[in-house]
$ cat data.txt   # compact mmCIF, C-alpha atoms
# COMPACT_ATOMS: atom_id res chain seq x y z
CA MET K 266 21.88 2.63 24.65
CA GLU K 267 21.52 5.30 27.31
CA ASN K 268 18.76 7.73 26.45
CA ILE K 269 18.29 6.18 23.02
CA LEU K 270 15.26 4.54 21.40
CA VAL K 271 15.51 2.68 18.13
CA ILE K 272 12.64 3.55 15.83
CA LYS K 273 11.70 1.34 12.88
CA THR K 274 9.14 1.98 10.18
CA PHE K 275 7.60 -0.22 7.53
CA ALA K 276 5.64 -0.01 4.27
CA GLN K 277 4.02 3.40 3.60
CA VAL K 278 5.35 4.87 6.84
CA ARG K 279 8.91 3.93 5.81
CA GLU K 280 8.55 5.17 2.23
CA VAL K 281 6.83 8.46 3.06
CA SER K 282 9.06 9.36 6.01
CA GLY K 283 12.15 8.31 4.06
CA GLU K 284 13.60 6.72 7.21
CA GLY K 285 13.36 2.98 7.86
CA GLU K 286 15.39 3.00 11.04
CA LEU K 287 16.70 5.79 13.24
CA GLU K 288 18.01 6.44 16.71
CA PHE K 289 15.89 8.81 18.75
CA SER K 290 16.80 10.65 21.95
CA LEU K 291 14.45 9.61 24.71
CA ASP K 292 14.83 12.90 26.66
CA ALA K 293 11.47 13.87 28.12
CA HIS K 294 9.43 11.42 26.02
CA LYS K 295 7.52 9.12 28.35
CA THR K 296 5.10 7.34 26.03
CA ILE K 297 4.83 6.31 22.40
CA ALA K 298 2.32 9.13 21.91
CA ASP K 299 5.05 11.61 22.93
CA VAL K 300 7.37 10.14 20.30
CA LEU K 301 4.66 10.34 17.65
CA LEU K 302 4.14 14.03 18.42
CA SER K 303 7.86 14.80 18.09
CA LEU K 304 8.22 12.83 14.87
CA LYS K 305 5.20 14.56 13.33
CA ALA K 306 6.82 17.90 14.17
CA LYS K 307 10.18 16.84 12.72
CA ASN K 308 9.36 17.65 9.09
CA ASP K 309 6.63 17.47 6.46
CA LYS K 310 7.56 13.95 5.40
CA TRP K 311 7.13 12.58 8.90
CA ALA K 312 3.91 14.56 9.39
CA LEU K 313 2.52 12.95 6.25
CA ALA K 314 3.86 9.48 7.08
CA LEU K 315 2.11 9.46 10.46
CA ASP K 316 -1.12 11.02 9.21
CA GLY K 317 -3.82 8.34 9.14
CA THR K 318 -4.03 4.97 10.84
CA VAL K 319 -0.65 4.01 12.27
CA ILE K 320 -0.06 0.84 14.28
CA CYS K 321 2.52 0.93 17.07
CA ALA K 322 4.75 -1.81 18.45
CA LYS K 323 7.17 -1.77 21.37
CA ASN K 324 9.90 -4.40 21.40
CA GLN K 325 8.06 -6.24 18.63
CA GLN K 326 4.72 -6.47 20.48
CA LEU K 327 1.68 -4.51 19.35
CA CYS K 328 0.81 -1.73 21.78
CA THR K 329 -1.23 1.43 22.17
CA PRO K 330 0.12 5.01 22.02
CA ASP K 331 -0.20 5.43 25.80
CA THR K 332 2.42 2.68 26.37
CA PRO K 333 5.40 3.88 28.44
CA ILE K 334 8.85 3.70 26.86
CA ALA K 335 12.37 3.41 28.25
CA ALA K 336 15.92 3.72 26.91
CA GLY K 337 16.86 0.77 24.73
CA ASP K 338 13.32 0.06 23.57
CA GLU K 339 12.63 -0.69 19.91
CA VAL K 340 9.57 1.20 18.77
CA ALA K 341 7.95 0.58 15.39
CA PHE K 342 5.32 2.42 13.37
CA PHE K 343 3.51 0.89 10.43
CA PRO K 344 0.19 0.90 8.56
CA PRO K 345 -2.56 -1.71 9.04
CA VAL K 346 -1.34 -5.07 7.76
CA THR K 347 -2.29 -6.51 4.36
CA GLY K 348 -0.73 -9.95 4.11
CA GLY K 349 -2.33 -13.22 3.08
CA MET O 175 3.85 -27.21 14.36
CA TYR O 176 5.64 -24.83 12.10
CA ALA O 177 5.25 -21.16 11.15
CA ARG O 178 7.72 -19.75 8.66
CA ILE O 179 8.48 -16.63 6.66
CA VAL O 180 10.32 -17.57 3.46
CA THR O 181 11.46 -15.90 0.25
CA ASN O 182 11.57 -18.90 -2.07
CA ASP O 183 8.61 -20.79 -3.50
CA PHE O 184 7.40 -23.81 -1.52
CA SER O 185 6.18 -27.31 -2.32
CA GLN O 186 2.68 -28.00 -1.04
CA GLN O 187 3.42 -31.72 -1.03
CA GLY O 188 6.54 -31.20 1.06
CA LEU O 189 4.66 -29.06 3.58
CA TYR O 190 1.76 -31.53 3.72
CA ASP O 191 4.09 -34.48 4.29
CA GLU O 192 5.90 -32.62 7.07
CA LEU O 193 2.62 -31.61 8.73
CA LEU O 194 1.25 -35.15 8.65
CA ALA O 195 4.49 -36.75 9.83
CA GLN O 196 4.61 -34.42 12.85
CA ALA O 197 0.94 -35.10 13.66
CA GLN O 198 1.31 -38.85 13.41
CA GLN O 199 4.37 -38.81 15.60
CA GLU O 200 2.38 -37.26 18.45
CA HIS O 201 -1.18 -38.39 17.71
CA ALA O 202 -0.88 -41.62 15.77
CA GLY O 203 -4.28 -42.73 14.49
CA ALA O 204 -6.11 -39.62 15.72
CA VAL O 205 -5.78 -37.47 12.59
CA GLY O 206 -9.03 -37.74 10.65
CA ALA O 207 -8.96 -34.55 8.62
CA ILE O 208 -6.44 -32.25 6.98
CA VAL O 209 -7.53 -28.98 5.37
CA THR O 210 -5.02 -26.93 3.40
CA PHE O 211 -5.32 -23.47 1.90
CA THR O 212 -3.03 -21.85 -0.66
CA GLY O 213 -3.13 -18.15 -1.54
CA LEU O 214 -1.90 -17.08 -5.00
CA VAL O 215 -1.05 -13.76 -6.67
CA ARG O 216 -3.94 -12.64 -8.90
CA ASP O 217 -3.14 -10.79 -12.15
CA THR O 218 -5.72 -8.06 -11.54
CA ASN O 219 -6.93 -5.69 -8.85
CA ALA O 220 -10.00 -3.43 -8.78
CA ASP O 221 -8.29 -0.99 -11.18
CA GLY O 222 -7.00 -3.39 -13.82
CA THR O 223 -4.10 -5.69 -14.50
CA ILE O 224 -1.06 -5.88 -12.29
CA ASP O 225 2.43 -7.24 -12.76
CA GLY O 226 2.99 -9.04 -9.48
CA ILE O 227 3.37 -7.87 -5.91
CA SER O 228 5.99 -7.46 -3.25
CA LEU O 229 5.57 -8.31 0.41
CA GLU O 230 7.39 -6.49 3.18
CA HIS O 231 7.70 -7.82 6.73
CA TYR O 232 9.13 -6.83 10.11
CA PRO O 233 11.96 -9.33 10.66
CA GLY O 234 11.58 -10.87 14.08
CA MET O 235 8.13 -9.56 14.90
CA THR O 236 6.48 -11.13 11.87
CA GLU O 237 7.85 -14.58 12.70
CA THR O 238 6.80 -14.22 16.35
CA ALA O 239 3.29 -13.04 15.44
CA LEU O 240 2.84 -15.86 12.92
CA THR O 241 3.99 -18.47 15.44
CA GLN O 242 1.67 -17.03 18.09
CA LEU O 243 -1.27 -17.05 15.69
CA ALA O 244 -0.57 -20.68 14.72
CA GLN O 245 -0.38 -21.71 18.38
CA ASP O 246 -3.59 -19.81 19.23
CA THR O 247 -5.39 -21.46 16.32
CA MET O 248 -4.18 -24.92 17.34
CA ASP O 249 -5.40 -24.38 20.91
CA LYS O 250 -8.74 -22.83 19.93
CA PHE O 251 -9.72 -25.65 17.57
CA ALA O 252 -8.00 -28.52 19.42
CA LEU O 253 -5.95 -29.32 16.32
CA ARG O 254 -3.56 -32.25 16.08
CA ASN O 255 -1.10 -30.08 14.17
CA ILE O 256 -0.84 -26.86 12.20
CA GLY O 257 1.62 -25.44 9.68
CA VAL O 258 1.79 -22.04 8.00
CA VAL O 259 4.26 -20.60 5.50
CA HIS O 260 4.16 -17.05 4.13
CA ARG O 261 6.46 -15.69 1.47
CA VAL O 262 7.99 -12.21 1.39
CA GLY O 263 9.82 -10.29 -1.32
CA ARG O 264 8.92 -9.87 -4.99
CA LEU O 265 6.29 -12.31 -6.28
CA HIS O 266 5.02 -12.60 -9.84
CA ASN O 267 1.45 -13.19 -10.99
CA ASN O 268 0.13 -16.68 -10.22
CA GLU O 269 2.88 -17.46 -7.71
CA GLN O 270 2.09 -18.98 -4.32
CA ILE O 271 1.99 -16.50 -1.43
CA VAL O 272 0.78 -18.40 1.60
CA TRP O 273 0.01 -21.96 2.65
CA VAL O 274 -1.86 -23.18 5.71
CA GLY O 275 -2.43 -26.77 6.77
CA CYS O 276 -4.64 -27.83 9.68
CA CYS O 277 -4.84 -31.38 11.07
CA ALA O 278 -7.76 -32.35 13.29
CA SER O 279 -9.67 -35.38 14.35
CA HIS O 280 -12.76 -34.20 12.42
CA ARG O 281 -13.21 -32.02 9.35
CA LYS O 282 -15.17 -29.12 10.85
CA SER O 283 -12.37 -28.11 13.20
CA ALA O 284 -9.85 -28.33 10.37
CA PHE O 285 -11.95 -26.15 8.00
CA ASP O 286 -12.79 -23.62 10.72
CA ALA O 287 -9.18 -23.42 11.89
CA ALA O 288 -7.87 -22.70 8.38
CA CYS O 289 -10.44 -19.88 7.96
CA TYR O 290 -9.68 -18.48 11.41
CA LEU O 291 -5.93 -18.42 10.83
CA MET O 292 -6.26 -16.67 7.46
CA ASP O 293 -8.75 -14.12 8.83
CA PHE O 294 -6.42 -13.19 11.68
CA LEU O 295 -3.28 -13.33 9.55
CA LYS O 296 -4.82 -10.50 7.55
CA LYS O 297 -5.39 -8.55 10.76
CA SER O 298 -2.53 -9.24 13.14
CA VAL O 299 0.64 -10.40 11.36
CA PRO O 300 2.99 -7.62 10.18
CA LEU O 301 3.01 -8.10 6.40
CA TRP O 302 2.40 -5.42 3.79
CA LYS O 303 1.53 -5.98 0.16
CA LYS O 304 2.42 -3.67 -2.71
CA GLU O 305 1.04 -4.13 -6.23
CA PHE O 306 2.90 -3.25 -9.41
CA ALA O 307 0.64 -1.69 -12.04
CA ALA O 308 1.51 -0.21 -15.44
CA ASP O 309 1.33 3.31 -14.03
CA GLY O 310 3.18 2.75 -10.78
CA GLU O 311 3.45 0.86 -7.50
CA TYR O 312 0.66 0.97 -4.95
CA TRP O 313 0.42 -0.29 -1.38
CA VAL O 314 -2.68 -2.40 -0.90
CA GLU O 315 -5.28 -0.79 1.33
CA VAL O 316 -6.98 -2.72 4.10
CA LYS O 317 -10.30 -4.13 2.94
CA ALA O 318 -13.33 -3.62 5.17
CA SER O 319 -14.36 -7.20 4.39
CA ASP O 320 -11.08 -8.45 5.90
CA GLU O 321 -11.69 -6.40 9.04
CA HIS O 322 -15.18 -7.84 9.36
CA ALA O 323 -14.01 -11.41 8.76
CA ALA O 324 -11.68 -11.31 11.75
CA LEU O 325 -14.17 -9.47 13.96
CA ALA O 326 -16.90 -11.98 13.12
CA TRP O 327 -14.97 -14.66 15.02
CA LEU O 328 -15.08 -12.51 18.13
CA THR O 329 -18.77 -11.63 17.99
CA PRO O 330 -20.65 -14.81 18.92
CA LYS O 331 -19.96 -15.31 22.60
CA GLU O 332 -20.27 -18.86 23.86
CA LYS O 333 -22.05 -19.17 27.16
CA ASP O 334 -21.33 -22.04 29.52
$ encode --input "data.txt" --output "structure tokens"
Amino acid sequence: MENILVIKTFAQVREVSGEGELEFSLDAHKTIADVLLSLKAKNDKWALALDGTVICAKNQQLCTPDTPIAAGDEVAFFPPVTGG
Amino acid sequence: MYARIVTNDFSQQGLYDELLAQAQQEHAGAVGAIVTFTGLVRDTNADGTIDGISLEHYPGMTETALTQLAQDTMDKFALRNIGVVHRVGRLHNNEQIVWVGCCASHRKSAFDAACYLMDFLKKSVPLWKKEFAADGEYWVEVKASDEHAALAWLTPKEKD
């Protein structure tokens, strides 16, 4: 898992981006906000998927975009929840 | 205590019996009130009729978040026991979606706890609902009223 993050998406973010799970090179990305910027720049689908309110989680715990990340982390992006 | 994500339909009686048996094992004679809530799939939304829903979850995180919420609710309202079950996958109109049971010594705690858990489930547990209409499938948008319901619990600050 050296230098690799696992990214997961759910609901609208998954459908619009077209990618439910992907491996992502950590490289110079230090926070979740850095990852969001790179994903938005990846293509139009990702730009649209991450446009609007997106909730972030790191290793299955809710977090804010300024959260630091490290190799091996699981990072997830999804819309506000609507269960119940 | 139990907090489960399931695909199949559930028996309210079975869940109630399990909840009560657990409570009586640990707090025999101290359970004076049980409040249960069941959420069902409506056959309409604001735009017209629908043909069921589907619920997506984040395997692992959803179970953890639901368990945490159940534990928090039990602690906050000094419950004798709590159980919550939420279904995922494709559900048809009128099917059961969610069940909550709260055991307490007195009724107010049990009623309040059930409301609290449902308000925060709609805010903090990773579950996403999609509705199937005649002209397509639509993800349900967050309702402002649901946001306010959860926030209302945080507003009145108790002073010691």
$ closest_atom_pairs --input "data.txt" --of "chain K" --to "chain O" --cutoff "7 Å" --atoms "all atoms listed in the file" --output "Markdown table"
| residue | atom | partner | partner_atom | distance |
| --- | --- | --- | --- | --- |
| K:Ala276 | CA | O:Trp302 | CA | 6.3 |
| K:Gln325 | CA | O:Met235 | CA | 5.0 |
| K:Pro345 | CA | O:Val316 | CA | 6.7 |
| K:Val346 | CA | O:Trp302 | CA | 5.5 |
| K:Thr347 | CA | O:Trp302 | CA | 4.8 |
| K:Gly348 | CA | O:Leu301 | CA | 4.8 |
| K:Gly349 | CA | O:Lys296 | CA | 5.8 |
$ atom_distance --input "data.txt" --atom1 "atom CA of O:Ile256" --atom2 "atom CA of O:Ala288"
9.0 Å
$ residues_around --input "data.txt" --residues "O:Gly203" --least-positions-apart "3" --cutoff "12 Å" --atoms "only C-alpha atoms" --output "list in words"
Leu194, Ala195, Ala197, Gln198, Gln199, Glu200, Gly206, Ala207, Arg254, Cys277, Ala278 and Ser279 of chain O
$ closest_residue --input "data.txt" --among "O:Gly263, O:Gly188, O:Gly226, O:Gly275" --to "O:Thr247" --atoms "only C-alpha atoms"
O:Gly275
$ closest_residue --input "data.txt" --among "K:Val281, K:Leu313, K:Leu327, K:Ile334" --to "K:Asp299" --atoms "all atoms listed in the file"
K:Ile334
$ closest_residue --input "data.txt" --among "O:Ser185, O:Gln242, O:Ser319, O:Gln196" --to "K:Gln326" --atoms "all atoms listed in the file"
O:Gln242
$ closest_residue --input "data.txt" --among "O:Ile179, O:Leu325, O:Ile208, O:Ala202" --to "O:Cys276" --atoms "all atoms listed in the file"
O:Ile208
$ closest_residue --input "data.txt" --among "K:Gly283, K:Lys273, K:Pro344, K:Cys328" --to "K:Ala298" --atoms "only C-alpha atoms"
K:Cys328
$ residues_around --input "data.txt" --residues "K:Asn308" --least-positions-apart "4" --cutoff "12 Å" --atoms "all atoms listed in the file" --output "list in words"
Val281, Ser282, Gly283, Glu284, Leu302, Ser303, Leu304, Ala312, Leu313, Ala314 and Leu315 of chain K
$ write_last_selection --input "data.txt" --atoms "C-alpha atoms" --output "short mmCIF file (atom, residue, chain, number, x, y, z; two decimals), in the frame of the given file"
data_model
loop_
_atom_site.label_atom_id
_atom_site.label_comp_id
_atom_site.auth_asym_id
_atom_site.auth_seq_id
_atom_site.Cartn_x
_atom_site.Cartn_y
_atom_site.Cartn_z
CA VAL K 281 6.83 8.46 3.06
CA SER K 282 9.06 9.36 6.01
CA GLY K 283 12.15 8.31 4.06
CA GLU K 284 13.60 6.72 7.21
CA LEU K 302 4.14 14.03 18.42
CA SER K 303 7.86 14.80 18.09
CA LEU K 304 8.22 12.83 14.87
CA ALA K 312 3.91 14.56 9.39
CA LEU K 313 2.52 12.95 6.25
CA ALA K 314 3.86 9.48 7.08
CA LEU K 315 2.11 9.46 10.46
#
$ atom_distance --input "data.txt" --atom1 "atom CA of K:Asp316" --atom2 "atom CA of K:Ala336"
25.6 Å
$ closest_residue --input "data.txt" --among "O:Leu243, O:Val209, O:Ala307, O:Val258" --to "O:Ser283" --atoms "only C-alpha atoms"
O:Val209
$ atom_distance --input "data.txt" --atom1 "atom CA of O:Asp183" --atom2 "atom CA of O:Phe211"
15.2 Å
